[in-house]
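Working notes, structure below.
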Amino acid sequence: MKLAGFLFLLAGWGIVLSAVVLLTSALPRGGFVLAGMGVEAVGLILVVRSHLLLRGERG
Amino acid sequence: MALCILCILLVPFAGAGLAFVNTGLGRSRSAAHSMLAALCVMAVAALVYVICGFAGQGFIGRPAHVFTVAGKEWNWIAAEPLFLRGLPLDGSPASLAAWLQMLSVGLAALIPLGAGADRWRLRACCLSTALLAGLTYPLFAHWVWGGGWLAQLGVNYGLGRGFVDAGGASTIQVVGGLTALAISWILGPRRSKYSLEGMPAAIPGHNAVLVLFACLLALLGWLGLNCAGAMLFTGAEPGRTVLIAVNTTLAAASSALVAAVITGIRFGKPDASLSANGWIGGLVASSAACAFITPAAAIVIGLVAGTLVIFAVEWFELRMAVDDPGGAISVHAVAGIWGVLAVGFFAHFPSRVLNVVSGPSSWSSDSNQWVAQLVGVATLLGFVLPLTYCLNWFLNRFYPQRVPAEGERQGMDLYELGAGAYPEFATYTDDFMQR
């Protein structure tokens, strides 16, 4: 789950970069940048969850 | 130049402030270890930065590696020689920037010490710092301060002035704060911090006086850091240093006061350590926008930063089970990210400032600045956090970073240094009983 979380973080960053390079209008670009940050938020949640689970297993 | 040199001379006070905060918020039996670790990481950071860090960071207008995407140049890493060769140390902006960076990379390296207090081995601190100063910090700092692709966002893609960070809220504070988060995850919590049911125990810092004194030292250092950074990296004219100093002080003041008020309301009395964290959080949040905002905006930035810090400290400890004795993640990463975003909300740029990267002389558009700042935050979370976590995870595989259980029981001073900071004090061990 941790690896998936970090992959989500990287994927979100990729979406943000793609939006900057490929889109020219302000609204779609801003929207996709926010969407990329949303994907990063999912990645952060996964990484946090994996650490909580790990801590629970260790007791 | 003289004013810039004077400002850089103040920066070590910020290091002293952070070192005292980390030490005061840790346990008494790890105090000497904490201060020695602060000295060692500052030393390692300066050496590694000079050996190879500046080669990757460089400065605006100096050699860099560039690739082209859709007709736009992306400057991604500097192409300087090692050991500062080829950089005349003659008071030029590039040489002043190199000097400032030697100190500021040490500041970034001090931040994770607060999160790893009482359990992070001295050699591991130094090795982790070498990775930070040689790789993570120079790479991101080049993107922001070296004329890299984040600074070029304005020229290349019309995103305001490009990513703007005058005093290092992102390059120093958030990079250090995210490294602190990675270290805290890798080390795990202190042995007596959480009960078997997962409830955190309060382990108060051992010296509130030291922590509060450190806040005043940090203010001095931050004044220098913000002024020098704004002049060198955003092209702020020397006359703007008064505005920067006023804004920095106001942000810290409002942040500390709101922290004291919130803790006073929630706990009945103001909490000294959280108020101190609020003060530092205000300084951190002020860094990015200090040269381009009004004093009223600085107060708002400080108020939000102080509020964020208080709730983030609690959130990390209770909800995320992250043991961060110094509050480093909340103070530096959370408040730093807020400071970076605040540029997009509050900054008004004088027409001649274009984040120092070259562009049209008539450039005056501030539109979409918030998108440029968001791209910077996305880069910190989506690239810097995985990078620093992976580097420290690999380091931990080859050299375990956490001290053994016996070391935690004895205290870092006795276990790693052989002598305590306060030899006349009795050492109590009852807080190591499993709750």
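So you can find residues: chains in the structure tokens are A, B, ... in the order shown, residues in each start at 1, and ligands are numbered from 1 in order.
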With only C-alpha atoms counted and 7 Å as the cut-off, give the residues of chain B in contact with chain A, each with its shortest interatomic distance in Å and the pair that gives it, as a tab-separated table.
```
residue	atom	partner	partner_atom	distance
B:Leu196	CA	A:Gly59	CA	6.3
B:Met320	CA	A:Val48	CA	6.6
B:Ala321	CA	A:Leu52	CA	6.9
B:Val371	CA	A:Gly30	CA	6.2
B:Val375	CA	A:Val16	CA	6.6
B:Ala378	CA	A:Trp13	CA	5.8
B:Thr379	CA	A:Trp13	CA	6.1
B:Leu381	CA	A:Leu9	CA	6.9
B:Gly382	CA	A:Leu9	CA	4.5
B:Phe383	CA	A:Leu10	CA	6.2
B:Pro386	CA	A:Phe6	CA	6.0
```
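Interatomic distance, CA of Phe32 (chain A) to CA of Asn368 (chain B): 13.6 Å.
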- Note on the structure: What separates CA of Thr179 (chain B) and CA of Trp120 (chain B) is a distance of 13.4 Å
- Item | All residues 7 Å or closer to Phe140 (chain B), only C-alpha atoms, same chain fewer than 4 positions away omitted, as a list in words | Thr136, Val144 and Thr171 of chain B
Please produce a file of the residues just selected, as a compact mmCIF listing (two decimals), in the first residue's frame, where the atoms kept are N, CA and C atoms.
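Final output, saved to part_14.txt:
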```txt
# COMPACT_ATOMS: atom_id res chain seq x y z
N THR B 136 18.74 16.24 -2.54
CA THR B 136 17.36 16.72 -2.48
C THR B 136 17.29 18.25 -2.52
N VAL B 144 13.82 26.44 -8.09
CA VAL B 144 13.19 27.67 -7.59
C VAL B 144 14.13 28.86 -7.66
N THR B 171 12.01 25.92 -0.38
CA THR B 171 13.32 25.31 -0.59
C THR B 171 13.97 24.86 0.72
```
- Query: Between B:Thr234, B:Gln373, B:Ser275, B:Thr294, which is the closest to Asn247 (chain B) once you count only C-alpha atoms?
  - Reply: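 That would be B:Thr294, the residue with the smallest distance to Asn247 (chain B).
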- Check the DSSP output for the backbone and give back, as a VMD selection string, the residues of region 114-337 of chain B in helix (DSSP H, G or I). chain B and resid 114 to 115 122 to 145 153 to 157 169 to 187 208 to 233 238 to 267 272 to 289 295 to 318 328 to 337
- Task: List every residue of region 44-180 of chain B that DSSP, applied to the backbone of this structure, places in strand (DSSP E or B), and write the result as a PyMOL selection string.
- Result: chain B and resi 64-69+72-78+120
- Message: Give me, as a PyMOL selection string, all polymer residues having an atom no more than 8 Å from Ala46 (chain B), counting only C-alpha atoms and skipping those fewer than 5 positions away in the same chain.
- Response: chain B and resi 102-103+105-106+133
- Message: Give me the residues near region 38-43 of chain B as a PyMOL selection string, where near means some atom within 10 Å (using only C-alpha atoms) and where sequence neighbours in that chain fewer than 2 positions away do not count.
- Response: chain B and resi 12+15-16+18-20+22-23+32-36+45-49+102-111+113-114+122-123+125-130+133
- Just how far from CA of Ala256 (chain B) is CA of Phe213 (chain B), in Å to one decimal?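 Between these atoms lies a distance of 13.5 Å.
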